[in-house]
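Text of the file final.cif, holding mmCIF, C-alpha atoms; chains and numbers go by the auth columns:
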data_run
loop_
_atom_site.group_PDB
_atom_site.id
_atom_site.type_symbol
_atom_site.label_atom_id
_atom_site.label_comp_id
_atom_site.label_asym_id
_atom_site.label_seq_id
_atom_site.Cartn_x
_atom_site.Cartn_y
_atom_site.Cartn_z
_atom_site.B_iso_or_equiv
_atom_site.auth_seq_id
_atom_site.auth_asym_id
ATOM 1 C CA MET A 1 -84.247 36.174 -37.697 0.00 146 A
ATOM 2 C CA LEU A 2 -85.310 34.933 -41.148 0.00 147 A
ATOM 3 C CA ALA A 3 -83.733 31.537 -40.446 0.00 148 A
ATOM 4 C CA LEU A 4 -85.585 31.299 -37.124 0.00 149 A
ATOM 5 C CA SER A 5 -88.963 31.981 -38.737 0.00 150 A
ATOM 6 C CA GLY A 6 -87.996 29.420 -41.386 0.00 151 A
ATOM 7 C CA TRP A 7 -87.540 26.776 -38.690 0.00 152 A
ATOM 8 C CA VAL A 8 -90.922 27.741 -37.178 0.00 153 A
ATOM 9 C CA LEU A 9 -92.547 27.340 -40.615 0.00 154 A
ATOM 10 C CA CYS A 10 -90.903 23.925 -41.030 0.00 155 A
ATOM 11 C CA ALA A 11 -92.238 22.782 -37.642 0.00 156 A
ATOM 12 C CA LEU A 12 -95.703 24.035 -38.660 0.00 157 A
ATOM 13 C CA GLY A 13 -95.523 21.972 -41.855 0.00 158 A
ATOM 14 C CA ILE A 14 -94.582 18.848 -39.883 0.00 159 A
ATOM 15 C CA ALA A 15 -97.509 19.480 -37.494 0.00 160 A
ATOM 16 C CA VAL A 16 -99.929 19.775 -40.435 0.00 161 A
ATOM 17 C CA ILE A 17 -98.683 16.520 -41.977 0.00 162 A
ATOM 18 C CA LEU A 18 -99.181 14.785 -38.605 0.00 163 A
ATOM 19 C CA ILE A 19 -102.748 16.143 -38.505 0.00 164 A
ATOM 20 C CA ALA A 20 -103.273 14.693 -42.001 0.00 165 A
ATOM 21 C CA ALA A 21 -102.034 11.314 -40.760 0.00 166 A
ATOM 22 C CA ILE A 22 -104.432 11.454 -37.783 0.00 167 A
ATOM 23 C CA GLY A 23 -107.290 12.274 -40.158 0.00 168 A
ATOM 24 C CA LEU A 24 -106.310 9.348 -42.377 0.00 169 A
ATOM 25 C CA VAL A 25 -106.812 6.965 -39.467 0.00 170 A
ATOM 26 C CA LYS A 26 -109.704 8.561 -37.576 0.00 171 A
ATOM 27 C CA LEU A 27 -112.137 9.678 -40.290 0.00 172 A
ATOM 28 C CA PRO A 28 -114.940 7.259 -41.163 0.00 173 A
ATOM 29 C CA ASP A 29 -114.947 6.794 -44.965 0.00 174 A
ATOM 30 C CA ALA A 30 -112.853 7.226 -48.103 0.00 175 A
ATOM 31 C CA LEU A 31 -114.163 10.659 -49.138 0.00 176 A
ATOM 32 C CA SER A 32 -113.497 12.304 -45.776 0.00 177 A
ATOM 33 C CA ARG A 33 -110.063 10.648 -45.572 0.00 178 A
ATOM 34 C CA GLN A 34 -109.279 12.024 -49.030 0.00 179 A
ATOM 35 C CA HIS A 35 -110.436 15.466 -47.886 0.00 180 A
ATOM 36 C CA ALA A 36 -108.056 15.312 -44.910 0.00 181 A
ATOM 37 C CA VAL A 37 -105.007 13.988 -46.720 0.00 182 A
ATOM 38 C CA THR A 38 -104.825 15.861 -50.012 0.00 183 A
ATOM 39 C CA LYS A 39 -105.515 19.366 -48.727 0.00 184 A
ATOM 40 C CA ALA A 40 -103.431 19.092 -45.578 0.00 185 A
ATOM 41 C CA GLY A 41 -100.647 17.349 -47.495 0.00 186 A
ATOM 42 C CA THR A 42 -100.423 20.180 -50.017 0.00 187 A
ATOM 43 C CA VAL A 43 -100.347 22.827 -47.291 0.00 188 A
ATOM 44 C CA ALA A 44 -97.745 20.884 -45.301 0.00 189 A
ATOM 45 C CA VAL A 45 -95.329 20.492 -48.216 0.00 190 A
ATOM 46 C CA ILE A 46 -95.738 24.163 -49.178 0.00 191 A
ATOM 47 C CA PHE A 47 -95.073 25.284 -45.573 0.00 192 A
ATOM 48 C CA PHE A 48 -92.013 23.059 -45.314 0.00 193 A
ATOM 49 C CA ALA A 49 -90.569 24.144 -48.681 0.00 194 A
ATOM 50 C CA THR A 50 -91.075 27.831 -47.836 0.00 195 A
ATOM 51 C CA GLY A 51 -89.405 27.307 -44.465 0.00 196 A
ATOM 52 C CA VAL A 52 -86.384 25.576 -46.003 0.00 197 A
ATOM 53 C CA ALA A 53 -86.074 28.349 -48.589 0.00 198 A
ATOM 54 C CA MET A 54 -85.996 30.879 -45.720 0.00 199 A
ATOM 55 C CA ILE A 55 -83.362 28.830 -43.865 0.00 200 A
ATOM 56 C CA ALA A 56 -81.057 28.283 -46.846 0.00 201 A
ATOM 57 C CA GLN A 57 -81.286 31.794 -48.414 0.00 202 A
ATOM 58 C CA ASP A 58 -79.645 30.534 -51.600 0.00 203 A
ATOM 59 C CA PRO A 59 -81.041 30.879 -55.149 0.00 204 A
ATOM 60 C CA ALA A 60 -80.049 27.282 -55.973 0.00 205 A
ATOM 61 C CA TRP A 61 -82.313 26.078 -53.150 0.00 206 A
ATOM 62 C CA SER A 62 -85.196 28.500 -53.433 0.00 207 A
ATOM 63 C CA GLY A 63 -85.502 28.017 -57.198 0.00 208 A
ATOM 64 C CA ARG A 64 -85.912 24.271 -56.854 0.00 209 A
ATOM 65 C CA LEU A 65 -88.284 24.661 -53.906 0.00 210 A
ATOM 66 C CA LEU A 66 -90.349 27.090 -55.989 0.00 211 A
ATOM 67 C CA VAL A 67 -90.501 24.453 -58.755 0.00 212 A
ATOM 68 C CA ILE A 68 -91.770 21.913 -56.206 0.00 213 A
ATOM 69 C CA ILE A 69 -94.459 24.307 -54.920 0.00 214 A
ATOM 70 C CA VAL A 70 -95.661 25.237 -58.419 0.00 215 A
ATOM 71 C CA LEU A 71 -95.770 21.570 -59.489 0.00 216 A
ATOM 72 C CA LEU A 72 -97.781 20.641 -56.393 0.00 217 A
ATOM 73 C CA LEU A 73 -100.250 23.490 -56.907 0.00 218 A
ATOM 74 C CA LEU A 74 -100.714 22.484 -60.561 0.00 219 A
ATOM 75 C CA THR A 75 -101.007 18.726 -60.125 0.00 220 A
ATOM 76 C CA LEU A 76 -102.564 17.992 -56.738 0.00 221 A
ATOM 77 C CA PRO A 77 -106.065 19.391 -57.441 0.00 222 A
ATOM 78 C CA LEU A 78 -106.253 17.211 -60.577 0.00 223 A
ATOM 79 C CA ALA A 79 -105.031 14.109 -58.738 0.00 224 A
ATOM 80 C CA SER A 80 -107.344 14.581 -55.769 0.00 225 A
ATOM 81 C CA HIS A 81 -110.319 15.211 -58.057 0.00 226 A
ATOM 82 C CA ALA A 82 -109.702 11.955 -59.956 0.00 227 A
ATOM 83 C CA LEU A 83 -109.151 10.132 -56.673 0.00 228 A
ATOM 84 C CA SER A 84 -112.323 11.401 -55.021 0.00 229 A
ATOM 85 C CA ARG A 85 -114.358 10.536 -58.136 0.00 230 A
ATOM 86 C CA ALA A 86 -113.003 6.989 -57.983 0.00 231 A
ATOM 87 C CA ALA A 87 -113.752 6.823 -54.247 0.00 232 A
ATOM 88 C CA ALA A 88 -117.321 8.078 -54.722 0.00 233 A
ATOM 89 C CA ARG A 89 -117.979 5.585 -57.505 0.00 234 A
ATOM 90 C CA GLU A 90 -116.478 2.738 -55.527 0.00 235 A
ATOM 91 C CA MET A 91 -118.681 3.397 -52.524 0.00 236 A
ATOM 92 C CA SER A 92 -121.807 4.195 -54.551 0.00 237 A
ATOM 93 C CA GLY A 93 -124.286 1.739 -53.137 0.00 238 A
ATOM 94 C CA SER A 94 -126.132 1.313 -49.901 0.00 239 A
ATOM 95 C CA GLU A 95 -123.330 2.898 -47.883 0.00 240 A
ATOM 96 C CA ALA A 96 -123.236 6.082 -49.992 0.00 241 A
ATOM 97 C CA LYS A 97 -127.025 6.412 -49.953 0.00 242 A
ATOM 98 C CA THR A 98 -127.194 6.250 -46.174 0.00 243 A
ATOM 99 C CA ARG A 99 -124.449 8.875 -45.987 0.00 244 A
ATOM 100 C CA HIS A 100 -126.239 11.226 -48.464 0.00 245 A
ATOM 101 C CA TYR A 101 -123.441 11.372 -51.008 0.00 246 A
ATOM 102 C CA GLN A 102 -125.752 10.714 -53.939 0.00 247 A
ATOM 103 C CA MET B 1 -78.611 18.776 -31.966 0.00 259 B
ATOM 104 C CA ASN B 2 -79.939 19.554 -35.395 0.00 260 B
ATOM 105 C CA PRO B 3 -83.755 19.915 -35.357 0.00 261 B
ATOM 106 C CA VAL B 4 -83.900 18.136 -38.719 0.00 262 B
ATOM 107 C CA TYR B 5 -83.593 14.804 -36.890 0.00 263 B
ATOM 108 C CA ALA B 6 -86.691 15.580 -34.787 0.00 264 B
ATOM 109 C CA PHE B 7 -88.543 16.381 -38.041 0.00 265 B
ATOM 110 C CA VAL B 8 -87.436 13.045 -39.523 0.00 266 B
ATOM 111 C CA LEU B 9 -88.659 11.187 -36.415 0.00 267 B
ATOM 112 C CA LEU B 10 -92.121 12.805 -36.616 0.00 268 B
ATOM 113 C CA LEU B 11 -92.286 12.108 -40.371 0.00 269 B
ATOM 114 C CA VAL B 12 -91.513 8.435 -39.747 0.00 270 B
ATOM 115 C CA VAL B 13 -94.462 8.365 -37.303 0.00 271 B
ATOM 116 C CA ALA B 14 -96.710 9.838 -40.027 0.00 272 B
ATOM 117 C CA ALA B 15 -95.405 7.265 -42.531 0.00 273 B
ATOM 118 C CA ILE B 16 -96.152 4.376 -40.140 0.00 274 B
ATOM 119 C CA VAL B 17 -99.708 5.695 -39.708 0.00 275 B
ATOM 120 C CA GLY B 18 -100.021 5.916 -43.510 0.00 276 B
ATOM 121 C CA PHE B 19 -98.792 2.337 -43.882 0.00 277 B
ATOM 122 C CA TYR B 20 -101.473 1.201 -41.427 0.00 278 B
ATOM 123 C CA ARG B 21 -104.187 2.665 -43.650 0.00 279 B
ATOM 124 C CA LEU B 22 -102.432 1.282 -46.748 0.00 280 B
ATOM 125 C CA LEU B 23 -102.645 -2.248 -45.328 0.00 281 B
ATOM 126 C CA ALA B 24 -106.019 -2.027 -43.553 0.00 282 B
ATOM 127 C CA GLY B 25 -108.062 0.242 -45.848 0.00 283 B
ATOM 128 C CA PRO B 26 -111.447 -1.315 -46.555 0.00 284 B
ATOM 129 C CA THR B 27 -111.753 0.023 -50.131 0.00 285 B
ATOM 130 C CA ARG B 28 -109.081 0.324 -52.802 0.00 286 B
ATOM 131 C CA ALA B 29 -109.540 4.112 -52.852 0.00 287 B
ATOM 132 C CA ASP B 30 -108.440 4.192 -49.194 0.00 288 B
ATOM 133 C CA ARG B 31 -105.160 2.543 -50.126 0.00 289 B
ATOM 134 C CA VAL B 32 -104.520 5.069 -52.903 0.00 290 B
ATOM 135 C CA ILE B 33 -105.255 7.920 -50.466 0.00 291 B
ATOM 136 C CA ALA B 34 -102.699 6.445 -48.033 0.00 292 B
ATOM 137 C CA LEU B 35 -100.235 6.293 -50.937 0.00 293 B
ATOM 138 C CA ASP B 36 -100.869 10.002 -51.529 0.00 294 B
ATOM 139 C CA LEU B 37 -99.933 10.790 -47.909 0.00 295 B
ATOM 140 C CA LEU B 38 -96.836 8.598 -48.219 0.00 296 B
ATOM 141 C CA PHE B 39 -95.741 10.546 -51.307 0.00 297 B
ATOM 142 C CA ALA B 40 -96.128 13.837 -49.398 0.00 298 B
ATOM 143 C CA VAL B 41 -94.060 12.382 -46.528 0.00 299 B
ATOM 144 C CA ALA B 42 -91.412 11.218 -49.019 0.00 300 B
ATOM 145 C CA ILE B 43 -91.164 14.695 -50.595 0.00 301 B
ATOM 146 C CA VAL B 44 -90.716 16.322 -47.170 0.00 302 B
ATOM 147 C CA LEU B 45 -88.188 13.633 -46.166 0.00 303 B
ATOM 148 C CA SER B 46 -86.042 14.303 -49.221 0.00 304 B
ATOM 149 C CA ILE B 47 -86.149 18.045 -48.474 0.00 305 B
ATOM 150 C CA CYS B 48 -85.000 17.073 -44.942 0.00 306 B
ATOM 151 C CA ALA B 49 -82.157 15.069 -46.499 0.00 307 B
ATOM 152 C CA ALA B 50 -81.094 18.154 -48.452 0.00 308 B
ATOM 153 C CA LEU B 51 -81.215 20.210 -45.246 0.00 309 B
ATOM 154 C CA ALA B 52 -79.206 17.659 -43.245 0.00 310 B
ATOM 155 C CA SER B 53 -76.548 17.078 -45.889 0.00 311 B
ATOM 156 C CA GLY B 54 -76.345 20.658 -47.126 0.00 312 B
ATOM 157 C CA SER B 55 -76.422 19.708 -50.797 0.00 313 B
ATOM 158 C CA PRO B 56 -79.323 20.825 -53.029 0.00 314 B
ATOM 159 C CA ALA B 57 -79.113 17.624 -55.125 0.00 315 B
ATOM 160 C CA PHE B 58 -81.801 16.043 -52.914 0.00 316 B
ATOM 161 C CA LEU B 59 -84.208 18.808 -53.950 0.00 317 B
ATOM 162 C CA ASP B 60 -84.105 17.375 -57.487 0.00 318 B
ATOM 163 C CA VAL B 61 -85.206 14.066 -55.962 0.00 319 B
ATOM 164 C CA ALA B 62 -88.145 15.909 -54.376 0.00 320 B
ATOM 165 C CA VAL B 63 -89.130 17.424 -57.746 0.00 321 B
ATOM 166 C CA GLY B 64 -89.058 13.966 -59.345 0.00 322 B
ATOM 167 C CA LEU B 65 -91.072 12.488 -56.477 0.00 323 B
ATOM 168 C CA SER B 66 -93.811 15.092 -56.831 0.00 324 B
ATOM 169 C CA LEU B 67 -94.144 14.300 -60.563 0.00 325 B
ATOM 170 C CA VAL B 68 -94.158 10.523 -59.985 0.00 326 B
ATOM 171 C CA GLY B 69 -96.756 10.932 -57.227 0.00 327 B
ATOM 172 C CA PHE B 70 -99.071 12.846 -59.555 0.00 328 B
ATOM 173 C CA VAL B 71 -98.838 10.241 -62.324 0.00 329 B
ATOM 174 C CA ALA B 72 -99.250 7.335 -59.884 0.00 330 B
ATOM 175 C CA THR B 73 -102.353 8.831 -58.238 0.00 331 B
ATOM 176 C CA ILE B 74 -104.004 9.572 -61.600 0.00 332 B
ATOM 177 C CA ALA B 75 -103.233 6.060 -62.874 0.00 333 B
ATOM 178 C CA TRP B 76 -104.586 4.273 -59.779 0.00 334 B
ATOM 179 C CA ALA B 77 -107.697 6.478 -59.682 0.00 335 B
ATOM 180 C CA ARG B 78 -108.494 5.762 -63.332 0.00 336 B
ATOM 181 C CA LEU B 79 -107.907 2.034 -62.790 0.00 337 B
ATOM 182 C CA ILE B 80 -110.355 1.923 -59.854 0.00 338 B
ATOM 183 C CA ASP B 81 -112.831 4.067 -61.796 0.00 339 B
ATOM 184 C CA ARG B 82 -112.757 1.786 -64.844 0.00 340 B
ATOM 185 C CA GLN B 83 -113.071 -1.430 -62.846 0.00 341 B
ATOM 186 C CA VAL B 84 -116.006 -0.100 -60.811 0.00 342 B
ATOM 187 C CA THR B 85 -117.949 1.253 -63.797 0.00 343 B
ATOM 188 C CA GLN B 86 -117.422 -1.995 -65.733 0.00 344 B
ATOM 189 C CA GLY B 87 -118.943 -3.887 -62.837 0.00 345 B
ATOM 190 C CA GLU B 88 -116.086 -6.187 -61.826 0.00 346 B
ATOM 191 C CA ASP B 89 -116.090 -5.296 -58.145 0.00 347 B
ATOM 192 C CA ARG B 90 -113.122 -6.265 -55.905 0.00 348 B
#

Give the structure from the file, written as structure tokens.
Amino acid sequence: MLALSGWVLCALGIAVILIAAIGLVKLPDALSRQHAVTKAGTVAVIFFATGVAMIAQDPAWSGRLLVIIVLLLLTLPLASHALSRAAAREMSGSEAKTRHYQ
Amino acid sequence: MNPVYAFVLLLVVAAIVGFYRLLAGPTRADRVIALDLLFAVAIVLSICAALASGSPAFLDVAVGLSLVGFVATIAWARLIDRQVTQGEDR
């Protein structure tokens, strides 16, 4: 039962990463693409790691997956903040003014 | 059939989409964002490799990839930031 819900969680993570990829192509400018990719990417990796930990049911696996989740939660907000600041500064100009980002 | 292979197929689709944005992105920030998605896909793919092979050694690869992805994103973002604020555009 736990393994089955682990597989469902893994499939959910894959679906979220596919949604992030669709957003990367479809959204109109760098800031909205960054919004789609970094948040959905974090959630997808966390879902997948939790699912694999529920499938394996082994401390050697779940410990390392917990390290991955904690590292992602610590580092990804910093990285996406720096990235979105760079994106906003790069498109600061006529394009950003018409889109009300400044 | 092991469902891990279906996961790998879908992840390859996501990686191809990310490579499209990496090659076609109009600004440099777009390319770094595509790189961010590719790092997430690579982490999930190495967890898939651990699941398919049954050995937790690939999880250490995933830990290393998450650290390298963080450092790479920060470095590229600061590079773009510095070049834009110093006025040498493109």

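Across the chains present, the PyMOL selection byres ((chain A and resi 147) around 12) applied to this file returns Met146, Ala148, Leu149, Ser150, Gly151, Trp152, Val153, Leu154, Thr195, Gly196, Val197, Ala198, Met199, Ile200, Ala201 and Gln202 of chain A.
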
Smallest atom-to-atom distance to Ala166 (chain A): which of B:Ala330, B:Ala264, B:Ile301, B:Val270, using all atoms listed in the file? B:Val270

May I have the protein, DNA and RNA residues with any atom at most 6 Å from the point (-87.5, 15.7, -41.4), counting all atoms listed in the file, written as a PyMOL selection string? chain B and resi 262+265-266+303+306

Apply the PyMOL selection byres ((chain B) within 7 of (chain A)) to the structure shown and report the selected residues as an MDAnalysis selection string. chainID B and resid 265 272 275:276 279 287:288 291 295 298 302 314 317 321 324 328 331:332 335 338:339 342

Would you compute an axis-aligned box for region 287-295 of chain B, covering every atom listed for it in the file with 4 Å of margin on each side, and report centre and edge lengths in Å to one decimal as JSON?
{"center_x": -104.7, "center_y": 6.7, "center_z": -50.4, "size_x": 17.6, "size_y": 16.2, "size_z": 13.0}

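Note that CA of Val290 (chain B) and CA of Ser177 (chain A) are 13.6 Å apart.
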
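The list of residues with at least one atom within 7 Å of Leu296 (chain B), based on all atoms listed in the file and without residues fewer than 4 positions apart in the same chain, reads Ala273, Gly276, Ala292 and Ala300 of chain B.
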
My structure is short of atoms at region 265-291 of chain B; please model N, CA and C atoms there, returning them as an mmCIF file, keeping the file's coordinate frame.
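Once written, part.cif looks like this:
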data_model
loop_
_atom_site.group_PDB
_atom_site.id
_atom_site.type_symbol
_atom_site.label_atom_id
_atom_site.label_comp_id
_atom_site.auth_asym_id
_atom_site.auth_seq_id
_atom_site.Cartn_x
_atom_site.Cartn_y
_atom_site.Cartn_z
ATOM 1 N N PHE B 265 -87.579 16.379 -36.925
ATOM 2 C CA PHE B 265 -88.543 16.381 -38.041
ATOM 3 C C PHE B 265 -88.623 14.992 -38.666
ATOM 4 N N VAL B 266 -87.455 14.366 -38.882
ATOM 5 C CA VAL B 266 -87.436 13.045 -39.523
ATOM 6 C C VAL B 266 -88.161 12.019 -38.657
ATOM 7 N N LEU B 267 -87.981 12.114 -37.327
ATOM 8 C CA LEU B 267 -88.659 11.187 -36.415
ATOM 9 C C LEU B 267 -90.182 11.323 -36.529
ATOM 10 N N LEU B 268 -90.673 12.584 -36.513
ATOM 11 C CA LEU B 268 -92.121 12.805 -36.616
ATOM 12 C C LEU B 268 -92.647 12.342 -37.970
ATOM 13 N N LEU B 269 -91.848 12.542 -39.040
ATOM 14 C CA LEU B 269 -92.286 12.108 -40.371
ATOM 15 C C LEU B 269 -92.359 10.594 -40.452
ATOM 16 N N VAL B 270 -91.447 9.897 -39.759
ATOM 17 C CA VAL B 270 -91.513 8.435 -39.747
ATOM 18 C C VAL B 270 -92.788 7.977 -39.044
ATOM 19 N N VAL B 271 -93.190 8.686 -37.969
ATOM 20 C CA VAL B 271 -94.462 8.365 -37.303
ATOM 21 C C VAL B 271 -95.628 8.509 -38.281
ATOM 22 N N ALA B 272 -95.641 9.628 -39.046
ATOM 23 C CA ALA B 272 -96.710 9.838 -40.027
ATOM 24 C C ALA B 272 -96.686 8.750 -41.093
ATOM 25 N N ALA B 273 -95.494 8.309 -41.508
ATOM 26 C CA ALA B 273 -95.405 7.265 -42.531
ATOM 27 C C ALA B 273 -95.926 5.937 -42.002
ATOM 28 N N ILE B 274 -95.652 5.630 -40.714
ATOM 29 C CA ILE B 274 -96.152 4.376 -40.140
ATOM 30 C C ILE B 274 -97.675 4.387 -40.105
ATOM 31 N N VAL B 275 -98.252 5.555 -39.714
ATOM 32 C CA VAL B 275 -99.708 5.695 -39.708
ATOM 33 C C VAL B 275 -100.272 5.509 -41.114
ATOM 34 N N GLY B 276 -99.581 6.085 -42.122
ATOM 35 C CA GLY B 276 -100.021 5.916 -43.510
ATOM 36 C C GLY B 276 -99.946 4.470 -43.951
ATOM 37 N N PHE B 277 -98.906 3.749 -43.526
ATOM 38 C CA PHE B 277 -98.792 2.337 -43.882
ATOM 39 C C PHE B 277 -99.899 1.506 -43.251
ATOM 40 N N TYR B 278 -100.344 1.914 -42.035
ATOM 41 C CA TYR B 278 -101.473 1.201 -41.427
ATOM 42 C C TYR B 278 -102.701 1.291 -42.323
ATOM 43 N N ARG B 279 -103.001 2.510 -42.810
ATOM 44 C CA ARG B 279 -104.187 2.665 -43.650
ATOM 45 C C ARG B 279 -103.977 1.978 -45.009
ATOM 46 N N LEU B 280 -102.725 1.950 -45.476
ATOM 47 C CA LEU B 280 -102.432 1.282 -46.748
ATOM 48 C C LEU B 280 -102.711 -0.210 -46.642
ATOM 49 N N LEU B 281 -102.426 -0.814 -45.482
ATOM 50 C CA LEU B 281 -102.645 -2.248 -45.328
ATOM 51 C C LEU B 281 -104.076 -2.560 -44.943
ATOM 52 N N ALA B 282 -104.731 -1.686 -44.134
ATOM 53 C CA ALA B 282 -106.019 -2.027 -43.553
ATOM 54 C C ALA B 282 -107.198 -1.409 -44.286
ATOM 55 N N GLY B 283 -106.969 -0.514 -45.249
ATOM 56 C CA GLY B 283 -108.062 0.242 -45.848
ATOM 57 C C GLY B 283 -109.141 -0.643 -46.432
ATOM 58 N N PRO B 284 -110.403 -0.408 -46.077
ATOM 59 C CA PRO B 284 -111.447 -1.315 -46.555
ATOM 60 C C PRO B 284 -111.648 -1.254 -48.072
ATOM 61 N N THR B 285 -111.600 -0.060 -48.677
ATOM 62 C CA THR B 285 -111.753 0.023 -50.131
ATOM 63 C C THR B 285 -110.399 0.287 -50.773
ATOM 64 N N ARG B 286 -110.347 0.076 -52.101
ATOM 65 C CA ARG B 286 -109.081 0.324 -52.802
ATOM 66 C C ARG B 286 -108.750 1.804 -52.836
ATOM 67 N N ALA B 287 -109.793 2.670 -52.849
ATOM 68 C CA ALA B 287 -109.540 4.112 -52.852
ATOM 69 C C ALA B 287 -108.827 4.539 -51.575
ATOM 70 N N ASP B 288 -109.121 3.875 -50.449
ATOM 71 C CA ASP B 288 -108.440 4.192 -49.194
ATOM 72 C C ASP B 288 -106.942 3.946 -49.303
ATOM 73 N N ARG B 289 -106.590 2.844 -49.982
ATOM 74 C CA ARG B 289 -105.160 2.543 -50.126
ATOM 75 C C ARG B 289 -104.460 3.573 -50.979
ATOM 76 N N VAL B 290 -105.146 4.059 -52.047
ATOM 77 C CA VAL B 290 -104.520 5.069 -52.903
ATOM 78 C C VAL B 290 -104.375 6.389 -52.142
ATOM 79 N N ILE B 291 -105.355 6.704 -51.269
ATOM 80 C CA ILE B 291 -105.255 7.920 -50.466
ATOM 81 C C ILE B 291 -104.067 7.832 -49.512
#
